[in-house]
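Okay, so here's the structure we're looking at.
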Amino acid sequence: MKILILGGTGAMGNHLVDLLRDTDNEIVITTRSNRKSSHNLRYVIGNAKDDKFLNKILQEWWDVIIDFMVYTTIDFKSRVERLLKSTSQYVFLSSARVYVDSKEPIKETSPRLLDVSTDKEFLSSDEYSLAKARQEDILKNSGKNNWTIIRPYITYSSNRLQLGILEKEDWLYRALKGRTIVFSEDINSKVTTLTYGLDVARGIKAVIGNPNTLSETFHITSNTSLQWSEILNIYLDVIEKHLGFRPKVILENLDNFQIYHPATYQIKYDRFFDRKFDNEKIGAYVDVFDFSSTNEGLKICLEEFIKHPLFKQINWRAEALKDRKTKDFAKLREIQGVKQKVKYLLYRYIYKK
């Protein structure tokens, strides 16, 4: 097959590329940075959100297009026809955040927030969970049947290790620098489901090129659900082994926590929900019982990251406010640039919010 992967360089995409490497398929991956092509893999430099770049690449016919890009609903609506016309199977990466809270394990037919929410302010937004659900509806109402919707939930890899709404730059960076982790006491008690990016990639690989998966929706998640407090302890165990001491943790109430990391809708309409999933549907295509255990998978990925730590940009305003709370201090040599140093000092010692 001739497969186009749009934006396939993240926690799931990298693993999918590895799974497709050295197969009989021809794989083309869009990227905004230089990457080495090899054998059946060809990287094309460009922004898949740019219309000129997209139009050029869609001049070719693709057996499968796998789309990892994140769009606004307006942007998606403007390009969906071109995508569907250029392939036999368009695989759209949605999100399991579309679902409402559920006491029962979530199935693909479980209600979505877009369909049942009465929060007018929320519904007037294009918040991630709503945007994904609206884009699903655009596909379903397109008059085409050559699409497959994938709803992963929280995925992790050696480069992405989340804690509630926090990315590794918001909590792991602090821990490795010997500073106190600041987390939400409300989220800490909730149940979540984290899935290794490789396992999601295995599920995606299993559905591509299969005509039985057209016009179908699948979530691909782990069978294991844990409290965030248990996830936190898995992380702390690994970090303690590395540092020789266990990082301190402060659990803040929601109002205080959102001073550092405002994310009202993500918290209210996702991280405050207990998330458990019924994987029977995707289980017809891939052995979900062979997925990595959350405990071992997180340990392995965190250990790999610690060996070669690479952080993205740090939010020094948030770090300063957390340091004020915890009485910690960042060394100025950690902070890149005069403006960021000044920002840190102002919020650490003068500004309160």
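Lettering and numbering for the structure tokens are positional, with chains as A, B, ... in the shown order, residues counted from 1 in each chain, and ligands counted from 1 in the shown order.
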Backbone DSSP call of alpha helix (DSSP H) for segment 101-328 of chain A, listed as a PyMOL selection string: chain A and resi 113-116+120-123+128-140+168-176+185-188+197-207+228-243+254-260+264-266+294-307+316-326
Near-segment 161-176 of chain A list (10 Å; only C-alpha atoms; drop same-chain fewer than 5 positions) as number ranges by chain: A: 11, 154-156, 181-184, 187-188, 190, 192, 194, 228-229, 231-232, 235-236, 239-240, 242-243, 246-249, 260-263, 266-267, 270-272, 298, 301-302, 305-306, 309-316, 318-319, 322-323, 328, 330
Which residues are close to segment 22-26 of chain A, i.e. within 12 Å by only C-alpha atoms, leaving aside same-chain residues fewer than 2 positions away? Reply as an mmCIF file with N, CA and C atoms, in the first residue's frame.
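Final output, out04.cif:
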data_model
loop_
_atom_site.group_PDB
_atom_site.id
_atom_site.type_symbol
_atom_site.label_atom_id
_atom_site.label_comp_id
_atom_site.auth_asym_id
_atom_site.auth_seq_id
_atom_site.Cartn_x
_atom_site.Cartn_y
_atom_site.Cartn_z
ATOM 1 N N MET A 1 0.832 -1.203 0.000
ATOM 2 C CA MET A 1 0.000 0.000 0.000
ATOM 3 C C MET A 1 0.867 1.253 0.000
ATOM 4 N N LYS A 2 0.307 2.312 -0.518
ATOM 5 C CA LYS A 2 0.947 3.613 -0.503
ATOM 6 C C LYS A 2 0.261 4.431 0.593
ATOM 7 N N ILE A 3 1.022 4.747 1.659
ATOM 8 C CA ILE A 3 0.440 5.332 2.871
ATOM 9 C C ILE A 3 1.033 6.705 3.140
ATOM 10 N N LEU A 4 0.166 7.677 3.351
ATOM 11 C CA LEU A 4 0.581 9.029 3.729
ATOM 12 C C LEU A 4 0.235 9.254 5.196
ATOM 13 N N ILE A 5 1.226 9.673 5.984
ATOM 14 C CA ILE A 5 0.998 9.974 7.398
ATOM 15 C C ILE A 5 1.219 11.458 7.604
ATOM 16 N N LEU A 16 4.063 4.123 15.006
ATOM 17 C CA LEU A 16 3.416 3.594 13.807
ATOM 18 C C LEU A 16 4.404 3.524 12.650
ATOM 19 N N VAL A 17 5.204 4.558 12.509
ATOM 20 C CA VAL A 17 6.231 4.554 11.461
ATOM 21 C C VAL A 17 7.186 3.379 11.647
ATOM 22 N N ASP A 18 7.589 3.134 12.899
ATOM 23 C CA ASP A 18 8.487 2.008 13.168
ATOM 24 C C ASP A 18 7.842 0.674 12.811
ATOM 25 N N LEU A 19 6.538 0.549 13.090
ATOM 26 C CA LEU A 19 5.833 -0.693 12.770
ATOM 27 C C LEU A 19 5.725 -0.910 11.260
ATOM 28 N N LEU A 20 5.636 0.186 10.517
ATOM 29 C CA LEU A 20 5.473 0.091 9.063
ATOM 30 C C LEU A 20 6.806 0.043 8.325
ATOM 31 N N VAL A 28 5.033 7.656 3.326
ATOM 32 C CA VAL A 28 5.457 9.049 3.252
ATOM 33 C C VAL A 28 4.951 9.764 4.496
ATOM 34 N N ILE A 29 5.854 10.459 5.202
ATOM 35 C CA ILE A 29 5.507 11.132 6.451
ATOM 36 C C ILE A 29 5.814 12.610 6.316
ATOM 37 N N SER A 37 15.311 9.790 5.586
ATOM 38 C CA SER A 37 14.499 8.783 4.908
ATOM 39 C C SER A 37 15.311 7.502 4.761
ATOM 40 N N SER A 38 14.618 6.378 4.689
ATOM 41 C CA SER A 38 15.323 5.105 4.542
ATOM 42 C C SER A 38 14.385 4.050 3.975
ATOM 43 N N HIS A 39 14.919 3.215 3.106
ATOM 44 C CA HIS A 39 14.194 2.091 2.532
ATOM 45 C C HIS A 39 12.809 2.527 2.055
ATOM 46 N N ASN A 40 11.754 2.087 2.739
ATOM 47 C CA ASN A 40 10.403 2.398 2.277
ATOM 48 C C ASN A 40 9.810 3.633 2.956
ATOM 49 N N LEU A 41 10.612 4.349 3.743
ATOM 50 C CA LEU A 41 10.132 5.542 4.440
ATOM 51 C C LEU A 41 10.689 6.790 3.762
ATOM 52 N N ARG A 42 9.793 7.739 3.486
ATOM 53 C CA ARG A 42 10.231 9.003 2.900
ATOM 54 C C ARG A 42 9.609 10.158 3.677
ATOM 55 N N TYR A 43 10.463 10.996 4.238
ATOM 56 C CA TYR A 43 9.994 12.172 4.964
ATOM 57 C C TYR A 43 9.926 13.360 4.012
ATOM 58 N N TRP A 62 -3.413 8.038 -2.655
ATOM 59 C CA TRP A 62 -2.917 7.280 -1.513
ATOM 60 C C TRP A 62 -3.907 6.184 -1.157
ATOM 61 N N ASP A 63 -3.388 4.993 -0.924
ATOM 62 C CA ASP A 63 -4.273 3.914 -0.465
ATOM 63 C C ASP A 63 -4.818 4.223 0.920
ATOM 64 N N VAL A 64 -3.963 4.804 1.765
ATOM 65 C CA VAL A 64 -4.368 5.166 3.123
ATOM 66 C C VAL A 64 -3.756 6.521 3.475
ATOM 67 N N ILE A 65 -4.548 7.384 4.085
ATOM 68 C CA ILE A 65 -4.046 8.610 4.706
ATOM 69 C C ILE A 65 -4.352 8.533 6.194
ATOM 70 N N LYS A 205 -2.398 0.168 12.921
ATOM 71 C CA LYS A 205 -1.868 -0.687 11.866
ATOM 72 C C LYS A 205 -2.850 -1.813 11.522
ATOM 73 N N ILE A 208 -5.853 -0.417 9.182
ATOM 74 C CA ILE A 208 -5.628 0.199 7.867
ATOM 75 C C ILE A 208 -5.636 -0.867 6.774
ATOM 76 N N GLY A 209 -6.232 -0.493 5.667
ATOM 77 C CA GLY A 209 -6.306 -1.410 4.539
ATOM 78 C C GLY A 209 -7.366 -2.480 4.684
#
Backbone-only DSSP, strand (DSSP E or B) members of segment 32-242 of chain A, as a VMD selection string: chain A and resid 38 41 to 45 62 to 67 87 to 93 99 106 112 147 to 152 154 to 157 160 163 166 181 to 184 191 to 192 194 to 196 216 to 220 226 to 227
Pick from A:Thr9, A:Ser125, A:Ser215, A:Asn159, whichever lies nearest to Asn141 of chain A using only C-alpha atoms: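 Smallest distance to Asn141 of chain A is found for A:Ser215.
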